[in-house]
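Visitor: Handing over structure34.cif, mmCIF, C-alpha atoms.
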data_protein
loop_
_atom_site.label_atom_id
_atom_site.label_comp_id
_atom_site.auth_asym_id
_atom_site.auth_seq_id
_atom_site.Cartn_x
_atom_site.Cartn_y
_atom_site.Cartn_z
CA MET A 121 0.00 0.00 0.00
CA LYS A 122 2.82 2.44 0.80
CA ASP A 123 4.47 1.79 -2.60
CA PHE A 124 1.16 2.34 -4.40
CA ALA A 125 0.66 5.59 -2.47
CA LYS A 126 4.09 6.80 -3.55
CA ILE A 127 3.24 6.03 -7.19
CA LEU A 128 0.01 8.02 -6.88
CA ALA A 129 1.96 10.87 -5.29
CA ALA A 130 4.37 10.88 -8.23
CA ALA A 131 1.45 11.00 -10.64
CA ALA A 132 -0.11 13.87 -8.69
CA ALA A 133 3.16 15.77 -8.85
CA ALA A 134 3.25 15.30 -12.63
CA VAL A 135 -0.29 16.71 -12.89
CA ALA A 136 0.74 19.74 -10.84
CA ILE A 137 3.62 20.42 -13.18
CA ALA A 138 1.25 20.24 -16.13
CA ALA A 139 -1.14 22.71 -14.49
CA HIS A 140 1.60 25.28 -14.03
CA ALA A 141 3.07 24.94 -17.52
CA GLN A 142 2.96 28.19 -19.51
CA ASP A 143 1.86 26.62 -22.76
CA ASP A 144 1.62 23.33 -24.56
CA ASP A 145 5.03 23.69 -26.15
CA GLU A 146 6.80 24.16 -22.80
CA TRP A 147 4.94 21.19 -21.31
CA ALA A 148 5.83 19.12 -24.38
CA ASP A 149 9.49 20.04 -23.91
CA ALA A 150 9.29 18.96 -20.27
CA GLY A 151 8.09 15.50 -21.24
CA GLY A 152 4.66 15.94 -22.75
CA GLY A 153 1.33 15.05 -21.28
CA ASP A 154 1.98 11.33 -21.03
CA PHE A 155 2.27 10.40 -17.33
CA GLY A 156 3.34 6.83 -18.00
CA ASP A 157 7.06 7.62 -17.93
CA GLU A 158 6.80 9.47 -14.59
CA ILE A 159 4.80 6.67 -13.00
CA ASP A 160 7.23 4.02 -14.25
CA ALA A 161 10.18 6.02 -12.94
CA ALA A 162 8.55 6.42 -9.53
CA ALA A 163 7.75 2.70 -9.35
CA LYS A 164 11.32 1.78 -10.26
CA ALA A 165 12.69 4.16 -7.63
CA VAL A 166 10.51 2.60 -4.94
CA SER A 167 11.54 -0.92 -5.99
CA ALA A 168 15.22 0.05 -6.05
CA LYS A 169 14.99 1.60 -2.58
CA LYS A 170 13.24 -1.46 -1.20
CA ALA A 171 15.82 -3.77 -2.76
CA SER A 172 18.69 -1.67 -1.36
CA GLN A 173 17.45 -2.03 2.23
CA PRO A 174 19.31 -4.91 3.90
CA LYS A 175 17.21 -7.80 5.14
CA PHE A 176 18.41 -8.58 8.65
CA PHE A 177 15.88 -11.22 9.72
CA THR A 178 14.22 -14.25 8.20
CA VAL A 179 10.45 -14.52 8.33
CA LEU A 180 10.55 -17.17 11.10
CA PRO A 181 13.17 -18.22 13.68
CA PHE A 182 15.20 -21.28 12.70
CA CYS A 183 16.53 -23.99 15.07
CA ARG A 184 20.07 -24.27 13.77
CA GLU A 185 21.83 -26.37 16.42
CA ILE A 186 20.51 -28.57 19.24
CA GLU A 187 22.42 -30.48 21.92
CA GLY A 188 20.91 -32.40 24.83
CA VAL A 189 17.34 -31.77 25.93
CA VAL A 190 15.71 -28.85 24.11
CA GLU A 191 11.99 -28.13 24.11
CA VAL A 192 9.63 -25.62 22.52
CA LEU A 193 6.22 -24.30 23.50
CA ARG A 194 4.26 -23.22 20.45
CA PRO A 195 1.73 -20.38 20.60
CA GLN A 196 -1.59 -21.54 22.10
CA ALA A 197 -0.07 -24.96 22.94
CA ALA A 198 -0.72 -26.46 26.37
CA ALA A 199 2.48 -28.54 26.70
CA TRP A 200 6.14 -28.37 25.78
CA GLU A 201 7.40 -30.61 22.97
CA THR A 202 10.83 -31.76 21.83
CA ALA A 203 12.49 -29.26 19.51
CA GLU A 204 13.68 -30.38 16.08
CA GLU A 205 16.94 -29.25 14.54
CA GLY A 206 16.65 -27.61 11.13
CA LYS A 207 13.06 -26.53 11.62
CA PHE A 208 11.35 -23.13 11.54
CA TYR A 209 9.03 -22.24 14.43
CA PRO A 210 6.34 -19.54 14.48
CA LEU A 211 6.85 -16.21 16.21
CA GLY A 212 5.40 -16.46 19.70
CA THR A 213 7.19 -19.75 20.43
CA SER A 214 9.13 -20.22 23.69
CA TYR A 215 12.38 -22.21 23.87
CA ARG A 216 14.16 -23.90 26.77
CA THR A 217 17.15 -26.12 27.46
CA VAL A 218 17.13 -28.64 30.31
CA GLY A 219 20.32 -29.88 31.98
CA ALA A 220 23.88 -28.58 32.16
CA SER A 221 24.92 -30.25 28.88
CA SER A 222 22.00 -28.92 26.81
CA ARG A 223 22.45 -26.16 24.24
CA LEU A 224 20.31 -24.43 21.61
CA LEU A 225 21.21 -22.02 18.80
CA VAL A 226 18.30 -20.19 17.18
CA SER A 227 18.88 -18.13 14.04
CA PHE A 228 16.84 -14.99 13.34
CA GLY A 229 18.87 -14.11 10.25
CA THR A 230 22.22 -14.57 8.56
CA GLU A 231 24.10 -12.68 11.30
CA SER A 232 21.49 -12.75 14.08
CA THR A 233 21.46 -15.62 16.58
CA VAL A 234 20.36 -16.40 20.14
CA GLU A 235 22.17 -19.10 22.10
CA ILE A 236 21.12 -20.58 25.44
CA GLY A 237 22.53 -23.43 27.52
CA GLY A 238 22.06 -25.21 30.84
CA ASP A 239 18.68 -24.57 32.43
CA SER A 240 17.69 -21.54 30.38
CA SER A 241 14.64 -20.24 28.58
CA PHE A 242 13.45 -17.36 26.40
CA GLY A 243 10.42 -16.51 24.31
CA THR A 244 9.68 -14.74 21.04
CA ARG A 245 6.88 -12.23 20.59
CA ALA A 246 3.99 -13.04 18.29
CA GLN A 247 3.71 -10.38 15.59
CA PRO A 248 2.58 -9.91 11.98
CA LEU A 249 4.88 -11.50 9.40
CA GLY A 250 5.45 -8.16 7.68
CA GLU A 251 6.89 -6.47 10.78
CA ARG A 252 10.62 -5.88 10.38
CA GLY A 253 11.72 -5.83 14.04
CA ARG A 254 12.04 -8.71 16.49
CA VAL A 255 11.41 -8.99 20.25
CA ILE A 256 12.53 -11.73 22.64
CA THR A 257 11.66 -12.12 26.33
CA LEU A 258 14.05 -13.24 29.08
CA LYS A 259 12.61 -16.06 31.18
CA GLY A 260 15.57 -17.66 32.98
CA GLY A 261 19.20 -18.73 32.80
CA SER A 262 21.86 -17.36 30.47
CA LEU A 263 21.53 -16.06 26.93
CA ASP A 264 24.05 -14.90 24.32
CA LEU A 265 22.80 -12.60 21.57
CA LYS A 266 24.68 -11.85 18.35
CA LEU A 267 23.46 -9.12 16.01
CA PRO A 268 24.98 -7.18 13.09
CA ARG A 269 27.02 -4.13 14.09
CA ASN A 270 25.11 -2.05 11.54
CA LEU A 271 21.66 -3.00 12.83
CA PRO A 272 19.42 0.12 12.83
CA ASP A 273 17.92 1.37 16.10
CA GLY A 274 14.64 -0.22 17.12
CA MET A 275 15.10 -3.41 15.11
CA PHE A 276 15.71 -5.81 18.02
CA THR A 277 14.51 -5.68 21.64
CA VAL A 278 15.22 -7.85 24.68
CA SER A 279 12.32 -7.57 27.11
CA ALA A 280 11.97 -8.28 30.84
CA PRO A 281 9.29 -7.36 33.42
CA GLY A 282 11.06 -4.20 34.63
CA PHE A 283 12.95 -2.98 31.55
CA ALA A 284 13.68 -3.40 27.85
CA VAL A 285 17.09 -3.52 26.16
CA VAL A 286 16.80 -1.47 22.96
CA ASN A 287 18.89 -0.10 20.09
CA LEU A 288 21.04 -3.20 20.04
CA ALA A 289 23.98 -3.57 17.67
CA GLY A 290 26.69 -6.17 18.18
CA ASP A 291 26.99 -8.92 20.80
CA SER A 292 25.50 -8.94 24.29
CA ARG A 293 25.09 -11.40 27.17
CA TYR A 294 22.29 -11.83 29.72
CA ALA A 295 21.74 -13.71 32.97
CA PHE A 296 18.18 -13.76 34.29
CA GLU A 297 16.98 -15.24 37.58
CA ASN A 298 13.61 -15.41 39.28
CA THR A 299 14.25 -14.63 42.94
CA GLY A 300 10.81 -15.50 44.32
CA ASP A 301 9.97 -11.90 45.21
CA GLY A 302 10.94 -10.57 41.78
CA ASP A 303 13.81 -11.03 39.36
CA SER A 304 17.46 -10.15 38.91
CA ALA A 305 19.01 -9.53 35.49
CA THR A 306 22.62 -8.92 34.50
CA ILE A 307 23.20 -7.22 31.15
CA ARG A 308 26.64 -7.11 29.55
CA CYS A 309 27.57 -5.41 26.31
CA VAL A 310 30.29 -7.54 24.67
CA THR A 311 30.72 -5.59 21.42
CA GLY A 312 28.86 -2.72 19.81
CA THR A 313 26.29 -0.75 21.80
CA LEU A 314 22.95 -1.07 23.56
CA SER A 315 20.57 1.02 25.66
CA VAL A 316 18.21 0.11 28.50
CA SER A 317 14.80 1.68 28.97
CA GLY A 318 12.65 1.29 32.08
CA ARG A 319 10.03 3.14 34.07
CA HIS A 320 11.59 6.32 35.47
CA PHE A 321 15.08 5.51 34.16
CA GLU A 322 17.07 5.08 30.95
CA ILE A 323 20.64 3.89 30.42
CA LEU A 324 21.62 6.01 27.44
CA SER A 325 24.39 3.87 25.95
CA MET A 326 26.46 0.90 27.08
CA ARG A 327 29.57 -0.11 25.17
CA ALA A 328 32.02 -3.00 25.08
CA ALA A 329 32.71 -4.54 28.53
CA ASN A 330 30.04 -2.41 30.28
CA GLU A 331 27.80 -4.38 32.61
CA VAL A 332 24.84 -3.59 34.85
CA ARG A 333 22.61 -5.56 37.21
CA ILE A 334 18.92 -4.65 37.52
CA ARG A 335 16.79 -5.89 40.38
CA THR A 336 12.99 -5.66 40.02
CA SER A 337 10.40 -6.53 42.66
CA GLN A 338 7.50 -8.81 41.76
CA ASP A 339 5.01 -5.93 41.87
CA VAL A 340 7.45 -3.72 39.88
CA LEU A 341 7.26 -1.07 42.63
CA PHE A 342 11.01 -1.25 43.26
CA THR A 343 13.89 -1.06 40.81
CA GLY A 344 17.52 -1.35 41.84
CA ILE A 345 20.26 -0.54 39.34
CA TYR A 346 23.79 -1.59 40.29
CA GLY A 347 26.99 -0.80 38.40
CA THR A 348 29.24 -3.83 38.00
CA ARG A 349 31.61 -3.09 35.08
CA GLY A 350 32.65 0.08 33.26
CA ASP A 351 31.27 3.61 33.30
CA TYR A 352 28.06 4.78 31.63
CA VAL A 353 25.25 7.27 32.24
CA VAL A 354 21.77 6.51 33.55
CA ARG A 355 19.14 9.23 33.10
CA LEU A 356 16.71 9.36 36.03
CA ASP A 357 13.29 11.00 36.09
CA GLN A 358 12.86 13.84 38.59
CA GLY A 359 9.28 14.76 37.82
CA LEU A 360 7.88 17.80 36.07
CA ILE A 361 8.69 21.46 36.59
CA GLU A 362 6.72 24.55 35.59
CA THR A 363 8.60 27.51 34.15
CA ILE A 364 7.22 31.03 33.58
CA ASP A 365 8.49 33.39 30.91
CA ILE A 366 8.99 36.74 32.65
CA GLU A 367 8.27 38.83 29.57
CA SER A 368 5.26 37.03 28.12
CA GLY A 369 4.00 35.33 31.25
CA ALA A 370 3.67 32.07 29.31
CA ARG A 371 3.78 28.94 31.42
CA THR A 372 5.39 25.70 30.23
CA VAL A 373 5.73 22.32 31.92
CA GLU A 374 8.90 20.36 31.24
CA ALA A 375 10.29 17.02 32.36
CA ARG A 376 13.31 17.22 34.62
CA HIS A 377 16.08 14.59 34.66
CA LEU A 378 19.27 13.72 36.52
CA ASP A 379 22.18 12.20 34.57
CA TRP A 380 23.98 9.92 37.05
CA LYS A 381 27.32 8.32 36.17
CA MET A 382 27.21 4.62 36.93
CA SER A 383 30.48 2.88 37.81
CA PRO A 384 31.36 -0.25 39.82
CA GLN A 385 29.79 -0.26 43.31
CA THR A 386 27.48 2.69 42.60
CA ALA A 387 23.72 2.18 42.72
CA VAL A 388 20.32 3.69 41.98
CA ARG A 389 17.17 2.80 43.92
CA ILE A 390 13.70 3.70 42.69
CA HIS A 391 10.71 3.19 44.99
CA ARG A 392 7.13 3.61 43.77
CA ALA A 393 3.81 3.77 45.62
CA LYS A 394 0.35 3.30 44.14
CA PRO A 395 -2.23 5.96 45.05
CA ASP A 396 -5.64 5.10 46.50
CA ILE A 397 -7.23 7.28 43.82
CA GLY A 398 -5.95 7.70 40.27
CA GLU A 399 -2.97 6.16 38.49
CA ASN A 400 -0.13 8.66 39.09
CA MET A 401 2.47 6.96 41.26
CA ALA A 402 4.49 8.64 43.98
CA VAL A 403 8.16 8.03 43.15
CA SER A 404 11.36 8.30 45.18
CA VAL A 405 14.68 8.21 43.30
CA MET A 406 17.99 7.87 45.14
CA THR A 407 21.60 7.49 43.98
CA PHE A 408 24.49 6.05 45.99
CA ASP A 409 28.22 6.43 45.43
CA ALA A 410 30.82 3.65 45.57
CA ALA A 411 31.13 4.05 49.36
CA GLY A 412 27.40 3.50 49.81
CA GLU A 413 26.72 7.12 50.74
CA LEU A 414 23.55 8.80 49.50
CA ALA A 415 24.40 11.28 46.74
CA ASN A 416 21.04 12.41 45.31
CA ARG A 417 17.42 12.17 46.39
CA CYS A 418 14.24 13.35 44.70
CA VAL A 419 10.54 12.69 45.34
CA PHE A 420 7.75 13.44 42.88
CA THR A 421 4.33 12.39 41.63
CA GLU A 422 3.92 11.29 38.05
CA ASN A 423 2.40 13.84 35.67
CA ARG A 424 1.99 16.48 38.44
CA TYR A 425 4.41 19.39 38.47
CA GLU A 426 2.74 20.73 41.64
CA ILE A 427 3.96 17.75 43.70
CA THR A 428 7.72 17.62 43.21
CA SER A 429 10.32 18.01 45.93
CA GLY A 430 13.23 18.81 43.66
CA GLU A 431 16.71 17.77 44.73
CA LEU A 432 16.82 17.04 48.47
CA ALA A 433 19.86 17.21 50.73
CA PRO A 434 21.58 13.87 51.40
CA VAL A 435 20.52 12.15 54.62
CA SER A 436 23.27 9.56 54.93
CA LYS A 437 24.58 8.56 58.37
CA ALA A 438 27.65 10.76 57.96
CA SER A 439 25.45 13.70 56.99
CA ARG A 440 23.15 13.13 59.97
CA ASP A 441 26.11 12.97 62.35
CA GLU A 442 27.55 16.19 60.90
CA LEU A 443 24.20 17.99 61.17
CA ALA A 444 23.79 16.78 64.78
CA LYS A 445 27.28 18.05 65.66
CA LYS A 446 26.58 21.47 64.18
CA ALA A 447 23.25 21.70 66.00
CA SER A 448 24.94 20.79 69.27
CA GLU A 449 27.61 23.47 68.77
CA ALA A 450 25.00 26.08 67.91
CA SER A 451 22.96 25.30 71.02
CA GLU A 452 25.90 25.83 73.40
CA THR A 453 25.78 29.33 75.05
CA GLU A 454 28.46 31.05 77.07
CA THR A 455 27.38 32.44 80.47
CA VAL A 456 28.58 36.01 81.23
CA ASP A 457 28.40 37.49 84.77
CA VAL A 458 27.74 41.23 84.78
CA ASP A 459 28.19 43.24 88.01
CA VAL A 460 25.83 46.21 87.75
CA GLY A 461 26.58 47.41 91.31
CA GLU A 462 24.29 49.49 93.54
CA GLU A 463 22.22 52.30 92.11
CA ASP A 464 23.52 55.77 93.23
CA ASP A 465 21.01 58.52 92.67
CA GLY A 466 23.45 61.25 93.94
CA GLY A 467 26.38 60.27 91.80
CA SER A 468 28.35 62.69 89.64
CA GLY A 469 27.79 63.24 85.98
CA ASP A 470 30.73 60.93 85.18
CA SER A 471 29.25 58.24 87.36
CA GLY A 472 25.95 58.61 85.58
CA SER A 473 27.67 58.26 82.25
CA GLY A 474 29.42 55.13 83.47
CA GLY A 475 26.12 53.68 84.58
CA ASP A 476 24.69 54.26 81.11
CA GLU A 477 27.62 52.39 79.55
CA GLU A 478 27.03 49.41 81.84
CA GLU A 479 23.36 49.51 80.92
CA ASP A 480 24.24 49.51 77.20
CA GLU A 481 26.60 46.58 77.65
CA GLU A 482 23.88 44.64 79.47
CA GLU A 483 21.43 45.28 76.63
CA ASP A 484 24.04 44.19 74.05
CA GLU A 485 24.67 40.98 75.99
CA ASP A 486 20.97 40.19 76.05
CA TYR A 487 20.77 40.72 72.29
#
Here is the file; what I need is its structure written in the form of structure tokens.

Guide:
Amino acid sequence: MKDFAKILAAAAAAVAIAAHAQDDDEWADAGGGDFGDEIDAAAKAVSAKKASQPKFFTVLPFCREIEGVVEVLRPQAAAWETAEEGKFYPLGTSYRTVGASSRLLVSFGTESTVEIGGDSSFGTRAQPLGERGRVITLKGGSLDLKLPRNLPDGMFTVSAPGFAVVNLAGDSRYAFENTGDGDSATIRCVTGTLSVSGRHFEILSMRAANEVRIRTSQDVLFTGIYGTRGDYVVRLDQGLIETIDIESGARTVEARHLDWKMSPQTAVRIHRAKPDIGENMAVSVMTFDAAGELANRCVFTENRYEITSGELAPVSKASRDELAKKASEASETETVDVDVGEEDDGGSGDSGSGGDEEEDEEEDEDY
């Protein structure tokens, strides 16, 4: 349909040119009134463009290599069945290996493969056959993914309950574990690049040898992000902020973010709370340095610029101790004894002046 629309657009453009021609001779010099040549040229251009686009994936995943016990669960099927080497399976199928010696290599294209081994499992997403991208879901164990280095953004996604690995190009490795109260996933970029997108956070770009561990609670109300290898940036939501243009008085609401540098031993913790009314969650975002000290803290409500704390002061143990020490020092007062003497109504003028000075000093001390 898109190609046909482009052909019609080319024909419409030819008609427009004819309408603006000054006379029949000029239009004849430009190609005459026959639109067939323009339509053929447009159709050939569309075909050439389509042919020039590389085809990264086959229509269906292909079981290339099988070792040990390997099973598949077809879409809508009630039970697992033994996988067959050299066979295509529909999108929406789940795959698993059972036992330490088991191994499976699934091909998605000439240079695109997924390999699992031991007690591991992953699934593919059911989608229309014409859709160009592919999505797989982590379910357990270890998984090695190989993709072309020139794969365009958005073509392949690795999904999990608390995040999605996107814009993949090159090789990457995953370890996924169900912990009973949630899951724990380790993501390592072996070659190329990848990004990670989750609720209230985004890892902008991970490169070769970068690794991160993401912990997600079963109710997805907690996300822990822990740096394990390399340095990279995670962008954290900090709610909305309203700005007012002084000259025009125009009000705009913008999203505010914190770019936190992840490195080994650093961490991010995101806590969410469901409201009794509505769907906007209350969110607390905290960052911790390699020593475990709180570095940043922000609290906000989704989609509400009126309920945002902004950046809050750290409240680590060291900070609390320092604040307590300063408060203690500030509360200490020095006692001063002032001898005002006896009042002498018949004193001299000098004595009176001296009394006034003592009175002034007493007032200053009280102040």

Visitor: Please write the residues picked by the PyMOL selection byres ((chain A and resi 336) around 6) on this file as a PDB file with C-alpha atoms, keeping the file's coordinate frame.

Guide:
ATOM      1  CA  GLY A 282      11.060  -4.200  34.630  1.00  0.00           C
ATOM      2  CA  GLY A 302      10.940 -10.570  41.780  1.00  0.00           C
ATOM      3  CA  ASP A 303      13.810 -11.030  39.360  1.00  0.00           C
ATOM      4  CA  ARG A 335      16.790  -5.890  40.380  1.00  0.00           C
ATOM      5  CA  SER A 337      10.400  -6.530  42.660  1.00  0.00           C
ATOM      6  CA  VAL A 340       7.450  -3.720  39.880  1.00  0.00           C
ATOM      7  CA  PHE A 342      11.010  -1.250  43.260  1.00  0.00           C
ATOM      8  CA  THR A 343      13.890  -1.060  40.810  1.00  0.00           C
TER       9      THR A 343
END

Visitor: With 8 Å of padding per side, what axis-aligned box (centre and edge lengths, Å, one decimal) covers all the listed atoms of stretch 282-286 of chain A? Give it as AutoDock Vina command-line options.

Guide:
--center_x 14.1 --center_y -2.8 --center_z 28.8 --size_x 22.0 --size_y 18.7 --size_z 27.7

Visitor: Residues of stretch 265-328 of chain A that have any atom at most 10 Å from an atom of stretch 352-375 of chain A: could you tabulate them with the shortest-distance atom pair and the distance in Å to one decimal, using only C-alpha atoms, ordered by chain and increasing number, as JSON lines?

Guide:
{"residue": "A:Ser315", "atom": "CA", "partner": "A:Val354", "partner_atom": "CA", "distance": 9.7}
{"residue": "A:Val316", "atom": "CA", "partner": "A:Val354", "partner_atom": "CA", "distance": 8.9}
{"residue": "A:Ser317", "atom": "CA", "partner": "A:Val354", "partner_atom": "CA", "distance": 9.6}
{"residue": "A:Gly318", "atom": "CA", "partner": "A:Leu356", "partner_atom": "CA", "distance": 9.9}
{"residue": "A:Arg319", "atom": "CA", "partner": "A:Asp357", "partner_atom": "CA", "distance": 8.7}
{"residue": "A:His320", "atom": "CA", "partner": "A:Asp357", "partner_atom": "CA", "distance": 5.0}
{"residue": "A:Phe321", "atom": "CA", "partner": "A:Leu356", "partner_atom": "CA", "distance": 4.6}
{"residue": "A:Glu322", "atom": "CA", "partner": "A:Arg355", "partner_atom": "CA", "distance": 5.1}
{"residue": "A:Ile323", "atom": "CA", "partner": "A:Val354", "partner_atom": "CA", "distance": 4.2}
{"residue": "A:Leu324", "atom": "CA", "partner": "A:Val354", "partner_atom": "CA", "distance": 6.1}
{"residue": "A:Ser325", "atom": "CA", "partner": "A:Tyr352", "partner_atom": "CA", "distance": 6.8}
{"residue": "A:Met326", "atom": "CA", "partner": "A:Tyr352", "partner_atom": "CA", "distance": 6.2}
{"residue": "A:Arg327", "atom": "CA", "partner": "A:Tyr352", "partner_atom": "CA", "distance": 8.2}

Visitor: Would you mind telling me which residue in A:Ala199, A:Ala328, A:Leu265, A:Ile334 lies nearest to A:Pro281 when using all atoms listed in the file?

Guide: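 Closest to A:Pro281 of all the choices is A:Ile334.
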
Visitor: Calculated over all atoms listed in the file, which of the candidates A:Gly290, A:Gly350, A:Pro268, A:Gly212 has the smallest distance to A:Leu193?

Guide: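 Smallest distance to A:Leu193 is found for A:Gly212.
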
Visitor: Can you work out the spacing between atom CA of A:Glu201 and atom CA of A:Gly188 in Å, to one decimal?

Guide: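 Interatomic distance here is 13.8 Å.
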
Visitor: State, in Å with one decimal place, the distance from atom CA of A:Asp273 to atom CA of A:Glu251.

Guide: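 Pair atom CA of A:Asp273 / atom CA of A:Glu251 returns 14.5 Å.
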
Visitor: Rebuild stretch 230-238 of chain A to all heavy atoms - output it as a CSV table (one decimal), in the frame of the given file, please.

Guide:
chain,number,residue,atom,x,y,z
A,230,THR,N,20.9,-14.1,8.9
A,230,THR,CA,22.2,-14.6,8.6
A,230,THR,C,23.2,-14.3,9.7
A,230,THR,O,24.1,-15.1,10.0
A,230,THR,CB,22.7,-13.9,7.2
A,230,THR,OG1,21.7,-14.1,6.2
A,230,THR,CG2,24.0,-14.5,6.8
A,231,GLU,N,23.1,-13.1,10.3
A,231,GLU,CA,24.1,-12.7,11.3
A,231,GLU,C,23.4,-12.5,12.6
A,231,GLU,O,24.0,-11.8,13.5
A,231,GLU,CB,24.8,-11.4,10.9
A,231,GLU,CG,25.6,-11.5,9.6
A,231,GLU,CD,26.2,-10.2,9.2
A,231,GLU,OE1,27.1,-9.7,10.0
A,231,GLU,OE2,25.9,-9.6,8.1
A,232,SER,N,22.3,-13.0,12.8
A,232,SER,CA,21.5,-12.8,14.1
A,232,SER,C,21.1,-14.1,14.7
A,232,SER,O,20.3,-14.9,14.2
A,232,SER,CB,20.2,-12.0,13.8
A,232,SER,OG,20.5,-10.8,13.1
A,233,THR,N,21.7,-14.3,15.9
A,233,THR,CA,21.5,-15.6,16.6
A,233,THR,C,21.3,-15.4,18.1
A,233,THR,O,21.8,-14.4,18.7
A,233,THR,CB,22.6,-16.6,16.4
A,233,THR,OG1,23.8,-16.0,16.9
A,233,THR,CG2,22.8,-16.9,14.9
A,234,VAL,N,20.5,-16.3,18.7
A,234,VAL,CA,20.4,-16.4,20.1
A,234,VAL,C,20.8,-17.8,20.6
A,234,VAL,O,20.4,-18.8,20.0
A,234,VAL,CB,18.9,-16.2,20.5
A,234,VAL,CG1,18.7,-16.4,22.0
A,234,VAL,CG2,18.5,-14.7,20.2
A,235,GLU,N,21.7,-17.8,21.6
A,235,GLU,CA,22.2,-19.1,22.1
A,235,GLU,C,21.9,-19.2,23.6
A,235,GLU,O,22.2,-18.3,24.3
A,235,GLU,CB,23.7,-19.3,21.8
A,235,GLU,CG,24.2,-20.6,22.3
A,235,GLU,CD,25.7,-20.8,21.9
A,235,GLU,OE1,26.3,-19.9,21.3
A,235,GLU,OE2,26.3,-21.8,22.3
A,236,ILE,N,21.3,-20.3,24.0
A,236,ILE,CA,21.1,-20.6,25.4
A,236,ILE,C,21.7,-21.9,25.8
A,236,ILE,O,21.9,-22.8,24.9
A,236,ILE,CB,19.6,-20.5,25.8
A,236,ILE,CG1,18.8,-21.6,25.0
A,236,ILE,CG2,19.1,-19.1,25.6
A,236,ILE,CD1,17.3,-21.7,25.4
A,237,GLY,N,22.0,-22.2,27.1
A,237,GLY,CA,22.5,-23.4,27.5
A,237,GLY,C,22.2,-23.6,29.0
A,237,GLY,O,21.9,-22.7,29.7
A,238,GLY,N,22.4,-24.9,29.5
A,238,GLY,CA,22.1,-25.2,30.8
A,238,GLY,C,20.6,-25.2,31.0
A,238,GLY,O,19.8,-25.5,30.1
